[in-house]
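Below is the file input07.csv, which contains CSV, C-alpha atoms.
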chain,number,residue,atom,x,y,z
R,1,MET,CA,0.0,0.0,0.0
R,2,ILE,CA,1.3,3.4,-0.9
R,3,ASP,CA,1.4,6.0,1.9
R,4,PHE,CA,0.1,8.9,-0.2
R,5,GLU,CA,0.6,11.5,2.6
R,6,GLN,CA,4.3,10.5,2.9
R,7,GLU,CA,4.6,10.9,-0.9
R,8,ARG,CA,3.1,14.4,-0.6
R,9,MET,CA,5.9,15.3,1.8
R,10,LYS,CA,8.5,14.3,-0.8
R,11,LYS,CA,7.0,16.4,-3.6
R,12,VAL,CA,9.2,18.6,-5.8
R,13,VAL,CA,7.6,22.0,-6.7
R,14,THR,CA,8.5,23.6,-10.0
R,15,ASP,CA,6.6,25.7,-12.5
R,16,GLU,CA,7.5,23.3,-15.3
R,17,PRO,CA,4.5,21.4,-16.7
R,18,LEU,CA,4.9,17.7,-16.5
R,19,VAL,CA,3.1,15.3,-18.9
R,20,PHE,CA,2.8,11.6,-18.1
R,21,ILE,CA,2.0,9.1,-20.9
R,22,PRO,CA,0.4,5.7,-19.8
R,23,GLY,CA,1.3,2.4,-21.4
R,24,LEU,CA,-0.8,-0.3,-23.0
R,25,ALA,CA,-4.2,-0.8,-21.3
R,26,ALA,CA,-3.3,1.7,-18.6
R,27,THR,CA,-4.8,4.9,-17.3
R,28,ASN,CA,-3.7,7.7,-15.0
R,29,ALA,CA,-3.8,5.1,-12.2
R,30,LEU,CA,-0.4,3.9,-13.5
R,31,PHE,CA,1.1,7.2,-12.2
R,32,ALA,CA,-1.0,7.6,-9.0
R,33,PRO,CA,1.9,7.8,-6.6
R,34,GLN,CA,3.8,10.2,-8.9
R,35,ILE,CA,0.8,12.4,-9.4
R,36,VAL,CA,0.7,12.9,-5.6
R,37,ALA,CA,4.4,13.6,-5.5
R,38,PHE,CA,4.2,16.2,-8.2
R,39,MET,CA,0.7,17.5,-7.5
R,40,ASP,CA,1.7,21.1,-6.8
R,41,GLN,CA,3.0,21.7,-10.4
R,42,PRO,CA,1.1,21.7,-13.7
R,43,LEU,CA,0.3,18.1,-14.6
R,44,MET,CA,-1.3,16.4,-17.6
R,45,ILE,CA,-2.0,12.8,-18.3
R,46,ALA,CA,-2.0,12.1,-22.1
R,47,ASP,CA,-4.8,10.3,-23.9
R,48,THR,CA,-3.5,7.2,-25.5
R,49,CYS,CA,-6.9,5.6,-26.4
R,50,ASN,CA,-8.2,7.5,-29.4
R,51,ALA,CA,-5.7,7.0,-32.2
R,52,ASP,CA,-4.3,3.9,-33.9
R,53,THR,CA,-0.8,5.2,-34.7
R,54,ILE,CA,1.9,6.4,-32.4
R,55,THR,CA,2.2,9.6,-34.5
R,56,GLY,CA,-1.5,10.2,-34.1
R,57,ILE,CA,-1.3,9.8,-30.3
R,58,ALA,CA,1.7,12.1,-30.3
R,59,GLU,CA,-0.1,14.7,-32.4
R,60,GLN,CA,-3.1,14.6,-30.0
R,61,LEU,CA,-0.8,15.2,-27.1
R,62,LEU,CA,0.9,18.1,-28.7
R,63,ALA,CA,-2.5,19.7,-29.5
R,64,GLN,CA,-3.5,19.5,-25.8
R,65,ALA,CA,-0.2,20.1,-24.0
R,66,PRO,CA,1.3,23.4,-22.8
R,67,GLU,CA,3.7,25.2,-25.1
R,68,THR,CA,6.7,23.6,-23.4
R,69,PHE,CA,6.7,20.6,-21.0
R,70,ALA,CA,8.6,17.8,-19.4
R,71,LEU,CA,7.6,14.4,-20.8
R,72,ALA,CA,7.5,11.0,-19.0
R,73,GLY,CA,6.2,7.9,-20.7
R,74,LEU,CA,6.2,4.2,-19.6
R,75,SER,CA,6.3,1.3,-22.0
R,76,MET,CA,4.0,2.3,-24.9
R,77,GLY,CA,4.0,5.8,-23.3
R,78,GLY,CA,7.7,5.8,-24.0
R,79,TYR,CA,7.1,5.1,-27.7
R,80,VAL,CA,4.8,8.1,-27.8
R,81,ALA,CA,7.2,10.3,-25.8
R,82,MET,CA,10.0,9.6,-28.3
R,83,GLU,CA,7.7,10.5,-31.2
R,84,VAL,CA,6.7,13.7,-29.5
R,85,ALA,CA,10.3,14.6,-29.1
R,86,ARG,CA,10.9,13.8,-32.8
R,87,LEU,CA,7.9,15.9,-33.9
R,88,ALA,CA,8.4,18.9,-31.6
R,89,PRO,CA,11.9,18.9,-30.1
R,90,LYS,CA,11.7,22.5,-29.0
R,91,ARG,CA,8.6,21.9,-26.9
R,92,VAL,CA,10.1,19.1,-24.9
R,93,THR,CA,12.2,20.4,-22.0
R,94,ARG,CA,12.9,17.0,-20.4
R,95,LEU,CA,12.4,13.4,-21.5
R,96,ALA,CA,11.9,10.4,-19.2
R,97,LEU,CA,11.7,7.0,-20.9
R,98,MET,CA,10.6,4.3,-18.5
R,99,SER,CA,10.4,0.5,-19.2
R,100,THR,CA,10.5,1.1,-22.9
R,101,ASN,CA,12.8,0.8,-25.9
R,102,ALA,CA,13.6,2.6,-29.1
R,103,ARG,CA,13.4,-0.3,-31.5
R,104,THR,CA,10.4,-1.7,-33.5
R,105,ASP,CA,8.9,-5.1,-32.6
R,106,SER,CA,10.6,-8.4,-33.3
R,107,PRO,CA,8.6,-10.8,-35.5
R,108,GLU,CA,7.6,-12.7,-32.4
R,109,GLN,CA,6.4,-9.5,-30.6
R,110,SER,CA,4.4,-8.5,-33.7
R,111,GLU,CA,2.7,-11.9,-33.9
R,112,ASN,CA,1.8,-11.7,-30.2
R,113,ARG,CA,0.2,-8.3,-30.8
R,114,HIS,CA,-1.8,-9.7,-33.7
R,115,LYS,CA,-2.9,-12.6,-31.6
R,116,GLN,CA,-4.1,-10.4,-28.8
R,117,ILE,CA,-6.0,-8.2,-31.3
R,118,ARG,CA,-7.8,-11.3,-32.6
R,119,ILE,CA,-8.6,-12.4,-29.0
R,120,ALA,CA,-10.0,-8.9,-28.2
R,121,GLN,CA,-12.0,-8.8,-31.5
R,122,ASP,CA,-13.5,-12.3,-30.6
R,123,GLY,CA,-14.7,-11.1,-27.2
R,124,GLY,CA,-11.9,-12.4,-25.1
R,125,TYR,CA,-10.4,-9.1,-24.0
R,126,ASP,CA,-11.1,-9.6,-20.3
R,127,LYS,CA,-8.7,-12.6,-20.3
R,128,ILE,CA,-5.8,-10.9,-21.9
R,129,VAL,CA,-4.4,-8.6,-19.2
R,130,PRO,CA,-4.8,-11.1,-16.3
R,131,GLY,CA,-2.8,-13.5,-18.5
R,132,LEU,CA,-0.1,-11.0,-19.1
R,133,TYR,CA,0.2,-9.7,-15.5
R,134,PRO,CA,2.9,-12.3,-14.4
R,135,ASN,CA,5.2,-11.1,-17.2
R,136,TRP,CA,4.6,-7.5,-16.3
R,137,VAL,CA,5.7,-7.6,-12.7
R,138,HIS,CA,8.6,-8.8,-10.5
R,139,PRO,CA,8.1,-12.5,-9.4
R,140,HIS,CA,7.6,-11.2,-5.8
R,141,ARG,CA,4.5,-9.4,-7.1
R,142,HIS,CA,2.8,-12.4,-8.7
R,143,ASP,CA,0.6,-12.8,-5.7
R,144,ASP,CA,0.1,-9.1,-5.0
R,145,SER,CA,-3.7,-9.1,-5.3
R,146,GLU,CA,-4.0,-5.3,-4.8
R,147,LEU,CA,-1.5,-4.5,-7.6
R,148,LYS,CA,-3.1,-7.1,-9.9
R,149,GLN,CA,-6.5,-5.7,-9.4
R,150,THR,CA,-5.2,-2.2,-10.2
R,151,VAL,CA,-3.8,-3.5,-13.5
R,152,ILE,CA,-7.1,-5.3,-14.3
R,153,ASP,CA,-9.2,-2.2,-13.4
R,154,MET,CA,-7.1,0.0,-15.7
R,155,ALA,CA,-7.5,-2.5,-18.6
R,156,GLN,CA,-11.2,-2.6,-18.0
R,157,GLU,CA,-11.4,1.2,-18.1
R,158,VAL,CA,-9.4,1.3,-21.3
R,159,GLY,CA,-11.6,-1.3,-23.0
R,160,ALA,CA,-11.2,-3.6,-25.9
R,161,GLU,CA,-11.6,-1.1,-28.7
R,162,ALA,CA,-9.0,1.2,-27.4
R,163,PHE,CA,-6.7,-1.7,-26.6
R,164,ILE,CA,-6.9,-2.8,-30.3
R,165,ARG,CA,-6.1,0.7,-31.4
R,166,GLN,CA,-3.1,0.8,-29.1
R,167,GLN,CA,-1.8,-2.5,-30.3
R,168,THR,CA,-2.3,-1.4,-33.9
R,169,ALA,CA,-0.3,1.8,-33.2
R,170,MET,CA,2.6,-0.2,-31.7
R,171,LEU,CA,2.7,-2.5,-34.7
R,172,THR,CA,3.4,0.4,-37.0
R,173,ARG,CA,5.8,2.5,-34.9
R,174,ILE,CA,9.2,3.6,-36.3
R,175,ASP,CA,12.7,2.8,-35.0
R,176,GLN,CA,13.7,5.9,-32.9
R,177,ARG,CA,17.4,5.0,-32.2
R,178,GLU,CA,18.9,7.6,-34.5
R,179,ASN,CA,16.3,10.2,-33.5
R,180,LEU,CA,17.3,10.0,-29.9
R,181,LYS,CA,20.8,11.3,-30.8
R,182,ALA,CA,19.2,14.7,-31.5
R,183,VAL,CA,17.5,14.9,-28.1
R,184,ASN,CA,19.7,17.3,-26.1
R,185,CYS,CA,17.4,18.0,-23.1
R,186,PRO,CA,17.9,16.3,-19.7
R,187,ALA,CA,16.8,12.7,-20.2
R,188,LEU,CA,16.1,9.8,-17.8
R,189,VAL,CA,16.1,6.2,-18.8
R,190,LEU,CA,14.6,4.0,-16.1
R,191,ILE,CA,14.3,0.2,-16.1
R,192,GLY,CA,13.4,-2.4,-13.6
R,193,ASP,CA,16.1,-4.9,-12.9
R,194,SER,CA,13.7,-7.8,-13.6
R,195,ASP,CA,11.8,-6.3,-16.5
R,196,GLN,CA,10.8,-9.3,-18.7
R,197,ILE,CA,9.3,-7.0,-21.4
R,198,THR,CA,12.1,-4.6,-21.9
R,199,PRO,CA,15.6,-6.1,-21.8
R,200,MET,CA,18.3,-4.2,-19.9
R,201,GLU,CA,20.4,-3.8,-23.1
R,202,ARG,CA,17.5,-1.8,-24.7
R,203,ALA,CA,17.7,0.7,-21.8
R,204,GLU,CA,21.4,0.9,-22.1
R,205,GLU,CA,21.1,1.4,-25.9
R,206,MET,CA,18.8,4.4,-25.3
R,207,HIS,CA,21.0,5.8,-22.6
R,208,ALA,CA,24.0,5.6,-25.0
R,209,ALA,CA,22.1,7.4,-27.8
R,210,LEU,CA,20.8,10.2,-25.6
R,211,PRO,CA,23.5,13.0,-25.2
R,212,ASN,CA,22.3,14.2,-21.8
R,213,SER,CA,20.8,11.1,-20.1
R,214,GLU,CA,21.0,9.3,-16.8
R,215,LEU,CA,20.3,5.5,-16.6
R,216,VAL,CA,18.5,4.3,-13.4
R,217,THR,CA,18.0,0.7,-12.6
R,218,VAL,CA,15.2,0.0,-10.1
R,219,PRO,CA,15.9,-3.0,-7.9
R,220,GLU,CA,13.3,-5.8,-7.4
R,221,CYS,CA,11.2,-4.4,-10.1
R,222,GLY,CA,9.5,-5.6,-13.3
R,223,HIS,CA,7.9,-3.6,-16.1
R,224,LEU,CA,5.5,-1.5,-14.0
R,225,ALA,CA,8.1,0.6,-12.1
R,226,THR,CA,5.7,3.4,-11.2
R,227,LEU,CA,3.4,1.0,-9.2
R,228,GLU,CA,5.9,-1.7,-8.2
R,229,GLN,CA,8.6,0.6,-6.8
R,230,PRO,CA,6.9,4.0,-6.6
R,231,ARG,CA,9.3,5.6,-4.2
R,232,ALA,CA,12.4,4.7,-6.2
R,233,THR,CA,10.6,5.9,-9.4
R,234,ILE,CA,9.6,9.2,-7.7
R,235,SER,CA,13.1,9.8,-6.5
R,236,ALA,CA,14.5,9.3,-10.0
R,237,LEU,CA,11.9,11.6,-11.5
R,238,GLN,CA,12.6,14.2,-8.9
R,239,ALA,CA,16.3,14.2,-9.6
R,240,TRP,CA,15.5,14.4,-13.4
R,241,MET,CA,13.2,17.4,-12.9
R,242,LEU,CA,15.9,19.3,-11.0
R,243,ARG,CA,18.8,18.4,-13.3
R,244,GLY,CA,20.1,21.2,-15.5
Write the structure described by the file as structure tokens, please.
Amino acid sequence: MIDFEQERMKKVVTDEPLVFIPGLAATNALFAPQIVAFMDQPLMIADTCNADTITGIAEQLLAQAPETFALAGLSMGGYVAMEVARLAPKRVTRLALMSTNARTDSPEQSENRHKQIRIAQDGGYDKIVPGLYPNWVHPHRHDDSELKQTVIDMAQEVGAEAFIRQQTAMLTRIDQRENLKAVNCPALVLIGDSDQITPMERAEEMHAALPNSELVTVPECGHLATLEQPRATISALQAWMLRG
């Protein structure tokens, strides 16, 4: 259980707007502890449910965001964040890429996405995320009923149609490795030490490409760092927000 009052005591207050981008089948609940920690500065949670390309999601974000902003995305949210930085580099003052990678899908990953789209189209959406949950979290969290319910509740709120759009968007995303070399703002690459979805070498690859980045490895953590290890994630984000 997160002690939200304790997190409020740790908050960093700046005037810099901060935009969070959720991942696949996720809502603002993915960032609930971080929202508390940064609640006294301008915050926005991006909509990732209403476009079927990463570029389309990025363009919607840019239409709704302040003129300049710090940008933090997790997993699919990281794909969107990289595309926002590519489309509008002067508007992004800071870039945090969490549990994500700059490459396109492998053939196996693409096939898994197509399979999940077919399951959702055939009425089996409610079974997808509970089945994926063990791969998304550290082994110590497999029996964490509260965290699992949070993940399931987010997926239910997103719904099957938006899930299909999100998977379709990820299938057609571009490789961002070369584009990251042009991102000069303060950057954070954050990865759980037991992330089964994003290999550590993918995080190291992004860190090497970004000219002004810090790599943070979160211990005892899978793919959902913001919820699995919220305090470590908040600490890394606070340092990133204060870095020149």
Open item on the list: Report as a ChimeraX atom specification all protein, DNA and RNA residues lying within 12 Å of R:Ser110, evaluated on only C-alpha atoms, omitting residues in the same chain fewer than 4 positions from it.
Closed with: /R:104-106,114-117,167-173
Task: Exercise: stretch 150-156 of chain R partners within 10 Å, all atoms listed in the file, chain neighbours under 4 positions left out, as a ChimeraX atom specification - done: /R:24-30,125-130,133,136,145-146,160,162-163,224,227
Task: Nearest to R:Arg243, chosen from R:Pro230, R:Pro186, R:Pro139, R:Pro66, with only C-alpha atoms counted in the distances - done: R:Pro186
Task: Distance in Å - atom CA of R:Pro134 versus atom CA of R:Leu215 - done: 25.0 Å
Open item on the list: One decimal, in Å: what's the spacing between atom CA of R:Asp122 and atom CA of R:Tyr79?
Closed with: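 We find that atom CA of R:Asp122 and atom CA of R:Tyr79 lie 27.1 Å from each other.
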Open item on the list: From the options R:Ala209, R:Val92, R:Leu147, R:Val158, which residue's atoms come nearest to R:Thr68, counting only C-alpha atoms?
Closed with: R:Val92
Task: Cut-off 10 Å around (0.4, 15.6, -20.1) with only C-alpha atoms: residues as a ChimeraX atom specification - done: /R:17-22,42-47,61-62,64-66,69-73
- [ ] Would you mind listing what lies within 6 Å of stretch 55-60 of chain R as a list in words, with only C-alpha atoms counted and same-chain residues fewer than 6 positions away left out?
- [x]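 That gives Thr48, Val80 and Val84 of chain R.
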Task: atom CA of R:Asp193 to atom CA of R:Glu228, distance in Å rounded to a single decimal - done: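 Atom CA of R:Glu228 lies at a distance of 11.7 Å from atom CA of R:Asp193.
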Open item on the list: When you count only C-alpha atoms, which of these residues is closest to R:Asn184: R:Ala203, R:Pro211, R:Leu97, R:Ala81?
Closed with: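 Of R:Ala203, R:Pro211, R:Leu97, R:Ala81, the one nearest R:Asn184, counting only C-alpha atoms, is R:Pro211.
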- [ ] Name all residues at most 9 Å from R:Val218 (count all atoms listed in the file; drop same-chain ones fewer than 2 positions away) and give them as a VMD selection string.
- [x] chain R and resid 190 to 194 216 220 to 222 225 229 232 to 233
Task: Counting only C-alpha atoms, the option among R:Cys49, R:Val36, R:Ala208, R:Ile197 closest to R:Asn135 - done: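 Smallest distance to R:Asn135 is found for R:Ile197.
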Task: Residue nearest R:Met98 among R:Thr226, R:Thr53, R:Gln121, R:Asn179 (counting all atoms listed in the file) - done: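 That would be R:Thr226, the residue with the smallest distance to R:Met98.
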Would you fill the gaps in stretch 115-129 of chain R so it has N, CA, C and O atoms, then print it as a short mmCIF file (atom, residue, chain, number, x, y, z; two decimals), keeping the file's coordinate frame?
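The resulting file, result.cif, is reproduced below:
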data_model
loop_
_atom_site.label_atom_id
_atom_site.label_comp_id
_atom_site.auth_asym_id
_atom_site.auth_seq_id
_atom_site.Cartn_x
_atom_site.Cartn_y
_atom_site.Cartn_z
N LYS R 115 -2.11 -11.63 -32.28
CA LYS R 115 -2.90 -12.60 -31.60
C LYS R 115 -3.80 -11.99 -30.53
O LYS R 115 -4.99 -12.33 -30.42
N GLN R 116 -3.26 -11.03 -29.78
CA GLN R 116 -4.10 -10.40 -28.80
C GLN R 116 -5.18 -9.52 -29.39
O GLN R 116 -6.29 -9.43 -28.85
N ILE R 117 -4.92 -8.92 -30.54
CA ILE R 117 -6.00 -8.20 -31.30
C ILE R 117 -7.09 -9.13 -31.66
O ILE R 117 -8.28 -8.82 -31.48
N ARG R 118 -6.74 -10.31 -32.16
CA ARG R 118 -7.80 -11.30 -32.60
C ARG R 118 -8.58 -11.74 -31.36
O ARG R 118 -9.81 -11.86 -31.44
N ILE R 119 -7.92 -11.96 -30.24
CA ILE R 119 -8.60 -12.40 -29.00
C ILE R 119 -9.61 -11.28 -28.59
O ILE R 119 -10.78 -11.57 -28.26
N ALA R 120 -9.15 -10.04 -28.61
CA ALA R 120 -10.00 -8.90 -28.20
C ALA R 120 -11.19 -8.78 -29.18
O ALA R 120 -12.33 -8.53 -28.76
N GLN R 121 -10.93 -8.94 -30.46
CA GLN R 121 -12.00 -8.80 -31.50
C GLN R 121 -13.03 -9.94 -31.30
O GLN R 121 -14.21 -9.76 -31.62
N ASP R 122 -12.59 -11.10 -30.81
CA ASP R 122 -13.50 -12.30 -30.60
C ASP R 122 -14.16 -12.30 -29.28
O ASP R 122 -14.78 -13.31 -28.92
N GLY R 123 -14.04 -11.22 -28.50
CA GLY R 123 -14.70 -11.10 -27.20
C GLY R 123 -13.97 -11.63 -26.03
O GLY R 123 -14.53 -11.74 -24.93
N GLY R 124 -12.66 -11.90 -26.17
CA GLY R 124 -11.90 -12.40 -25.10
C GLY R 124 -10.99 -11.41 -24.36
O GLY R 124 -10.04 -11.80 -23.66
N TYR R 125 -11.31 -10.15 -24.53
CA TYR R 125 -10.40 -9.10 -24.00
C TYR R 125 -10.17 -9.24 -22.49
O TYR R 125 -9.05 -9.04 -22.02
N ASP R 126 -11.22 -9.56 -21.74
CA ASP R 126 -11.10 -9.60 -20.30
C ASP R 126 -10.06 -10.64 -19.81
O ASP R 126 -9.59 -10.57 -18.66
N LYS R 127 -9.69 -11.58 -20.67
CA LYS R 127 -8.70 -12.60 -20.30
C LYS R 127 -7.28 -12.20 -20.60
O LYS R 127 -6.35 -12.83 -20.10
N ILE R 128 -7.10 -11.17 -21.42
CA ILE R 128 -5.80 -10.90 -21.90
C ILE R 128 -4.85 -10.34 -20.81
O ILE R 128 -3.77 -10.88 -20.55
N VAL R 129 -5.25 -9.26 -20.16
CA VAL R 129 -4.40 -8.60 -19.20
C VAL R 129 -4.10 -9.49 -17.95
O VAL R 129 -2.96 -9.57 -17.50
#
